[in-house]
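As provided, query_30.csv (CSV, C-alpha atoms) reads as follows.
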```
chain,number,residue,atom,x,y,z
A,1,MET,CA,66.3,25.3,-17.6
A,2,PRO,CA,65.2,26.7,-14.2
A,3,GLY,CA,61.5,26.2,-13.3
A,4,ARG,CA,60.8,24.0,-16.3
A,5,ASP,CA,58.9,20.7,-15.7
A,6,LEU,CA,61.4,18.0,-16.6
A,7,GLN,CA,58.6,15.5,-17.3
A,8,GLU,CA,57.6,17.7,-20.3
A,9,LEU,CA,61.0,16.6,-21.8
A,10,HIS,CA,60.7,12.9,-20.8
A,11,PRO,CA,58.3,11.0,-18.5
A,12,GLY,CA,61.3,9.4,-16.8
A,13,LEU,CA,62.8,12.7,-15.6
A,14,TRP,CA,61.8,14.6,-12.5
A,15,ARG,CA,63.3,16.9,-9.8
A,16,ALA,CA,64.5,15.0,-6.7
A,17,HIS,CA,62.6,17.2,-4.3
A,18,GLN,CA,59.3,16.9,-6.2
A,19,LEU,CA,56.7,14.2,-6.7
A,20,THR,CA,56.2,13.2,-10.3
A,21,ARG,CA,53.0,13.2,-12.1
A,22,ALA,CA,51.6,9.9,-13.3
A,23,SER,CA,52.8,9.1,-16.8
A,24,GLY,CA,49.8,6.8,-17.2
A,25,VAL,CA,46.7,5.8,-15.2
A,26,ALA,CA,47.0,6.0,-11.4
A,27,TRP,CA,44.4,4.1,-9.3
A,28,PRO,CA,43.3,5.9,-6.1
A,29,SER,CA,44.2,3.8,-3.0
A,30,GLY,CA,41.1,4.8,-1.1
A,31,PHE,CA,43.3,6.4,1.6
A,32,ALA,CA,43.6,10.2,1.1
A,33,ALA,CA,46.8,10.4,3.2
A,34,LEU,CA,48.5,7.7,1.1
A,35,ASP,CA,47.3,9.1,-2.3
A,36,ALA,CA,48.9,12.5,-1.3
A,37,GLN,CA,52.3,10.7,-1.1
A,38,LEU,CA,52.0,8.6,-4.2
A,39,PRO,CA,53.2,10.0,-7.6
A,40,GLY,CA,50.1,10.7,-9.6
A,41,GLY,CA,47.9,10.4,-6.6
A,42,GLY,CA,47.5,6.7,-6.6
A,43,TRP,CA,48.9,3.2,-7.4
A,44,PRO,CA,50.7,3.4,-10.7
A,45,GLN,CA,49.7,1.3,-13.8
A,46,GLY,CA,52.3,-0.3,-16.0
A,47,VAL,CA,55.0,-0.7,-13.3
A,48,LEU,CA,55.5,-2.8,-10.2
A,49,SER,CA,54.6,-1.6,-6.7
A,50,GLU,CA,56.4,-3.5,-4.0
A,51,LEU,CA,54.9,-4.0,-0.5
A,52,LEU,CA,57.4,-5.3,2.0
A,53,LEU,CA,55.7,-7.0,4.9
A,54,ALA,CA,56.7,-7.3,8.5
A,55,GLN,CA,54.4,-10.3,8.5
A,56,ALA,CA,52.3,-11.8,5.8
A,57,GLY,CA,48.6,-11.2,6.4
A,58,ILE,CA,49.3,-8.0,8.3
A,59,GLY,CA,46.6,-6.1,6.4
A,60,GLU,CA,47.9,-5.9,2.9
A,61,LEU,CA,44.6,-7.1,1.3
A,62,ARG,CA,42.6,-4.6,3.3
A,63,LEU,CA,44.9,-1.9,2.2
A,64,LEU,CA,44.5,-2.8,-1.4
A,65,ALA,CA,40.8,-3.6,-1.3
A,66,PRO,CA,39.4,-0.2,-2.5
A,67,THR,CA,41.6,-0.3,-5.5
A,68,LEU,CA,40.9,-3.9,-6.3
A,69,ALA,CA,37.2,-3.3,-6.0
A,70,ALA,CA,37.4,-0.4,-8.4
A,71,VAL,CA,39.3,-2.6,-10.9
A,72,ALA,CA,36.8,-5.4,-10.5
A,73,ALA,CA,33.9,-2.9,-11.0
A,74,GLY,CA,35.2,-2.5,-14.6
A,75,GLY,CA,34.6,-6.2,-15.2
A,76,LYS,CA,38.3,-7.1,-14.9
A,77,LEU,CA,39.7,-10.3,-13.3
A,78,LEU,CA,41.8,-10.0,-10.1
A,79,MET,CA,44.7,-12.6,-10.0
A,80,LEU,CA,46.3,-13.5,-6.7
A,81,PHE,CA,49.5,-15.6,-6.8
A,82,ASP,CA,50.3,-17.7,-3.7
A,83,PRO,CA,48.4,-15.9,-1.0
A,84,PRO,CA,49.7,-16.9,2.5
A,85,ALA,CA,46.4,-18.3,3.7
A,86,ARG,CA,43.0,-19.4,2.5
A,87,LEU,CA,40.8,-16.4,1.9
A,88,SER,CA,37.4,-16.0,3.4
A,89,ALA,CA,34.6,-15.3,0.9
A,90,ARG,CA,32.6,-13.6,3.6
A,91,ALA,CA,35.5,-11.3,4.6
A,92,LEU,CA,36.2,-10.5,0.9
A,93,ASP,CA,32.5,-9.6,0.4
A,94,GLY,CA,32.8,-7.2,3.4
A,95,LEU,CA,35.7,-5.5,1.5
A,96,GLY,CA,33.7,-5.1,-1.6
A,97,LEU,CA,35.3,-8.0,-3.4
A,98,ARG,CA,33.4,-10.9,-5.1
A,99,ALA,CA,35.1,-14.3,-4.9
A,100,GLN,CA,33.9,-15.0,-8.5
A,101,GLN,CA,36.1,-12.2,-9.7
A,102,LEU,CA,39.3,-13.6,-8.1
A,103,LEU,CA,41.5,-16.2,-9.7
A,104,ILE,CA,43.9,-17.7,-7.2
A,105,ILE,CA,47.2,-19.3,-8.3
A,106,PRO,CA,48.6,-21.5,-5.6
A,107,GLY,CA,52.4,-21.6,-5.4
A,108,GLN,CA,53.3,-23.6,-2.3
A,109,LEU,CA,53.3,-26.9,-4.1
A,110,ARG,CA,55.1,-25.5,-7.2
A,111,ALA,CA,58.7,-24.5,-7.9
A,112,SER,CA,59.2,-20.8,-7.5
A,113,ALA,CA,60.5,-20.6,-11.1
A,114,ASP,CA,57.1,-21.9,-12.4
A,115,LEU,CA,55.2,-19.3,-10.3
A,116,LEU,CA,57.4,-16.5,-11.6
A,117,TRP,CA,56.9,-17.7,-15.1
A,118,ALA,CA,53.2,-17.7,-14.7
A,119,LEU,CA,53.3,-14.2,-13.1
A,120,GLU,CA,55.4,-12.8,-16.0
A,121,GLN,CA,53.1,-14.3,-18.6
A,122,THR,CA,50.0,-12.9,-16.8
A,123,LEU,CA,51.5,-9.4,-16.8
A,124,LYS,CA,52.3,-9.6,-20.5
A,125,SER,CA,48.9,-11.0,-21.5
A,126,GLY,CA,46.8,-8.0,-20.7
A,127,HIS,CA,43.9,-10.2,-19.5
A,128,ALA,CA,44.1,-9.4,-15.8
A,129,GLY,CA,42.8,-6.2,-14.2
A,130,ALA,CA,45.0,-6.3,-11.1
A,131,VAL,CA,47.8,-8.7,-10.1
A,132,LEU,CA,48.9,-9.5,-6.5
A,133,ALA,CA,51.8,-11.9,-5.9
A,134,TRP,CA,53.2,-13.0,-2.6
A,135,LEU,CA,56.7,-13.9,-3.8
A,136,PRO,CA,59.4,-16.4,-2.6
A,137,GLU,CA,62.1,-14.9,-0.4
A,138,ARG,CA,65.4,-13.6,-1.8
A,139,LEU,CA,64.4,-13.3,-5.4
A,140,HIS,CA,67.3,-12.9,-7.9
A,141,ALA,CA,67.6,-9.4,-9.4
A,142,ASP,CA,67.1,-10.8,-13.0
A,143,ALA,CA,63.7,-12.2,-12.1
A,144,LEU,CA,62.6,-8.8,-10.7
A,145,ARG,CA,63.8,-7.1,-13.9
A,146,ARG,CA,61.8,-9.4,-16.1
A,147,LEU,CA,58.7,-8.8,-14.0
A,148,GLN,CA,59.2,-5.0,-14.3
A,149,LEU,CA,59.6,-5.3,-18.1
A,150,ALA,CA,56.4,-7.4,-18.2
A,151,ALA,CA,54.5,-5.0,-16.1
A,152,ALA,CA,55.0,-2.3,-18.7
A,153,GLN,CA,52.4,-4.3,-20.8
A,154,HIS,CA,49.9,-4.6,-18.0
A,155,GLU,CA,46.9,-2.3,-18.0
A,156,GLY,CA,46.3,-2.2,-14.3
A,157,PRO,CA,48.1,-2.1,-10.9
A,158,ALA,CA,50.6,-4.8,-10.1
A,159,PHE,CA,51.7,-5.5,-6.6
A,160,LEU,CA,54.6,-7.7,-5.4
A,161,LEU,CA,54.4,-8.6,-1.7
A,162,ARG,CA,57.8,-9.5,-0.3
A,163,GLU,CA,59.6,-10.2,2.9
A,164,TRP,CA,60.5,-7.3,5.2
A,165,THR,CA,64.3,-7.8,4.8
A,166,ALA,CA,64.1,-7.2,1.0
A,167,GLN,CA,64.3,-3.5,1.7
A,168,GLN,CA,68.0,-4.0,2.3
A,169,ARG,CA,68.4,-5.0,-1.4
A,170,PRO,CA,67.9,-2.9,-4.5
A,171,SER,CA,64.8,-3.4,-6.7
A,172,PRO,CA,63.8,-2.2,-10.2
A,173,ALA,CA,60.3,-1.4,-8.9
A,174,PRO,CA,59.8,2.4,-8.9
A,175,LEU,CA,57.5,2.3,-5.9
A,176,ARG,CA,58.4,0.4,-2.6
A,177,LEU,CA,56.5,0.6,0.6
A,178,SER,CA,57.0,-1.2,3.9
A,179,LEU,CA,54.0,-2.3,6.0
A,180,ARG,CA,53.9,-3.1,9.7
A,181,ALA,CA,51.3,-3.1,12.5
A,182,GLY,CA,50.4,0.4,13.7
A,183,GLY,CA,47.7,-0.3,16.2
A,184,PRO,CA,44.3,-2.2,16.4
A,185,ASP,CA,43.2,-2.4,12.7
A,186,CYS,CA,45.8,0.2,11.8
A,187,LEU,CA,48.8,-0.1,9.4
A,188,ALA,CA,52.0,1.9,9.5
A,189,VAL,CA,53.1,2.5,5.9
A,190,GLN,CA,56.6,3.8,5.2
A,191,VAL,CA,57.4,5.0,1.6
A,192,LEU,CA,60.9,3.7,0.9
A,193,LYS,CA,61.1,4.5,-2.7
A,194,ARG,CA,59.1,6.6,-5.1
A,195,ARG,CA,59.7,9.0,-8.0
A,196,GLY,CA,60.3,11.9,-5.8
A,197,PRO,CA,61.8,12.6,-2.3
A,198,ARG,CA,61.8,9.8,0.3
A,199,LEU,CA,59.1,10.2,3.0
A,200,ALA,CA,60.7,10.6,6.4
A,201,GLU,CA,57.8,9.5,8.6
A,202,ALA,CA,55.4,6.5,8.3
A,203,LEU,CA,51.8,7.1,7.5
A,204,LEU,CA,49.3,5.6,9.9
A,205,LEU,CA,46.2,4.2,8.0
A,206,GLU,CA,43.0,2.9,9.6
A,207,LEU,CA,41.9,-0.3,7.9
A,208,PRO,CA,38.4,-1.8,7.7
A,209,PRO,CA,38.1,-3.6,11.1
A,210,VAL,CA,38.4,-7.3,11.7
A,211,LEU,CA,38.6,-7.2,15.5
A,212,LEU,CA,35.6,-7.7,17.7
A,213,PRO,CA,35.0,-4.9,20.2
A,214,GLN,CA,36.4,-7.0,23.1
A,215,GLN,CA,39.5,-7.9,21.1
A,216,ARG,CA,40.0,-4.2,20.1
A,217,ALA,CA,39.7,-3.2,23.8
A,218,ARG,CA,42.3,-5.8,24.8
A,219,ALA,CA,44.7,-4.7,22.1
A,220,LEU,CA,44.3,-1.1,23.1
A,221,ALA,CA,44.8,-1.8,26.9
A,222,PRO,CA,48.7,-1.7,26.8
A,223,ARG,CA,48.7,1.6,25.0
A,224,GLN,CA,46.2,3.1,27.4
A,225,ARG,CA,48.6,2.1,30.3
A,226,GLY,CA,51.5,3.7,28.4
A,227,VAL,CA,53.1,0.4,27.5
A,228,LEU,CA,54.2,0.0,23.9
A,229,ALA,CA,54.8,-3.5,22.7
A,230,PRO,CA,57.2,-4.2,19.8
A,231,ALA,CA,55.6,-3.6,16.4
A,232,SER,CA,56.1,-7.2,15.3
A,233,THR,CA,54.2,-8.7,18.4
A,234,ALA,CA,51.9,-5.9,19.6
A,235,LEU,CA,48.7,-7.0,17.9
A,236,PRO,CA,48.4,-10.8,17.5
A,237,GLU,CA,44.6,-10.6,17.1
A,238,ALA,CA,44.9,-8.1,14.3
A,239,VAL,CA,47.4,-10.1,12.5
A,240,SER,CA,45.7,-13.5,12.9
A,241,GLY,CA,42.3,-12.0,12.1
A,242,ALA,CA,43.7,-10.4,9.0
A,243,VAL,CA,45.1,-13.7,7.7
A,244,SER,CA,42.0,-15.8,8.3
A,245,GLY,CA,39.6,-13.0,7.5
A,246,ALA,CA,41.2,-11.6,4.3
A,247,ALA,CA,44.8,-10.5,5.0
```
Could you render the structure from this file as structure tokens?
Amino acid sequence: MPGRDLQELHPGLWRAHQLTRASGVAWPSGFAALDAQLPGGGWPQGVLSELLLAQAGIGELRLLAPTLAAVAAGGKLLMLFDPPARLSARALDGLGLRAQQLLIIPGQLRASADLLWALEQTLKSGHAGAVLAWLPERLHADALRRLQLAAAQHEGPAFLLREWTAQQRPSPAPLRLSLRAGGPDCLAVQVLKRRGPRLAEALLLELPPVLLPQQRARALAPRQRGVLAPASTALPEAVSGAVSGAA
């Protein structure tokens, strides 16, 4: 059936060279360049979105803040499972997020099985507006499949934040992105998996700043001299500021 839109036959069908339309609600990311590469033009609802981090606190919360603020504006609760550091209420407020609308579930003192069970039940409950979970390393495939099934009942975006090396292993999540430092207050986002063709080049997104002017100048100095530091160590101020400030 040449030229026919396969999604008219079934929402799970699409042509490999084309981005799919959203089968449900898609939440704009707040970054036009990223929305242009996400099926449906935003973060999907009712499925898992995986973010694979070169380092926890690299800027993932600043990336998601516009979407989280939009969800919270509708009066919905934001649930964060096991964030890697204590979050600053002042920094959250600067991102448009109110601490009163966040429910944080600590996981460091619990068994990972308990955390995963709580996450699964939250997705099934329909009470949360958006869910973010920093997951233990090397999760079993069965656990991810259960979370993906639970996400189908969730009426909001659901983000799993995982270790960088997880990209070497398969996942049932239909959307997978990797995040690494891209410069002072910038994030390099690589689309690894989506319902459509793989994106060959990373997107460079400018995040809300956490660096002071002198810190930013110091971070930019090697680039101005033509010296490129490794991505994992180039911007310690950006990474540490993101963790203590609001990831």
To one decimal in Å, tell me the separation between CA of Ala202 in chain A and CA of Asp82 in chain A.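 Computing it gives 27.5 Å between the two atoms.
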Among A:Pro84, A:Ala181, A:Val131, A:Ala89, Phe159 in chain A is approached most closely, using only C-alpha atoms, by A:Val131
Spatial neighbours of Pro66 in chain A, 9 Å, only C-alpha atoms, chain gap at least 3 places, as a PDB file with C-alpha atoms, in the frame of the given file:
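Result saved to selection-v4.pdb:
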```pdb
ATOM      1  CA  PRO A  28      43.300   5.900  -6.100  1.00  0.00           C
ATOM      2  CA  SER A  29      44.200   3.800  -3.000  1.00  0.00           C
ATOM      3  CA  GLY A  30      41.100   4.800  -1.100  1.00  0.00           C
ATOM      4  CA  PHE A  31      43.300   6.400   1.600  1.00  0.00           C
ATOM      5  CA  ARG A  62      42.600  -4.600   3.300  1.00  0.00           C
ATOM      6  CA  LEU A  63      44.900  -1.900   2.200  1.00  0.00           C
ATOM      7  CA  ALA A  69      37.200  -3.300  -6.000  1.00  0.00           C
ATOM      8  CA  ALA A  70      37.400  -0.400  -8.400  1.00  0.00           C
ATOM      9  CA  VAL A  71      39.300  -2.600 -10.900  1.00  0.00           C
ATOM     10  CA  LEU A  95      35.700  -5.500   1.500  1.00  0.00           C
ATOM     11  CA  GLY A  96      33.700  -5.100  -1.600  1.00  0.00           C
ATOM     12  CA  LEU A  97      35.300  -8.000  -3.400  1.00  0.00           C
TER      13      LEU A  97
END
```
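Of the listed residues (A:Leu119, A:Leu80, A:Leu203, A:Val47), A:Val47 comes nearest to His154 in chain A; the distances count all atoms listed in the file.
For the residues A:Pro174, A:Pro157, A:Gly94, A:Pro106, ranking by smallest atom-to-atom distance to Ala118 in chain A using all atoms listed in the file places A:Pro106 first.
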Find the distance between CA of Leu177 in chain A and CA of Ser49 in chain A and write it in Å to one decimal. 7.9 Å
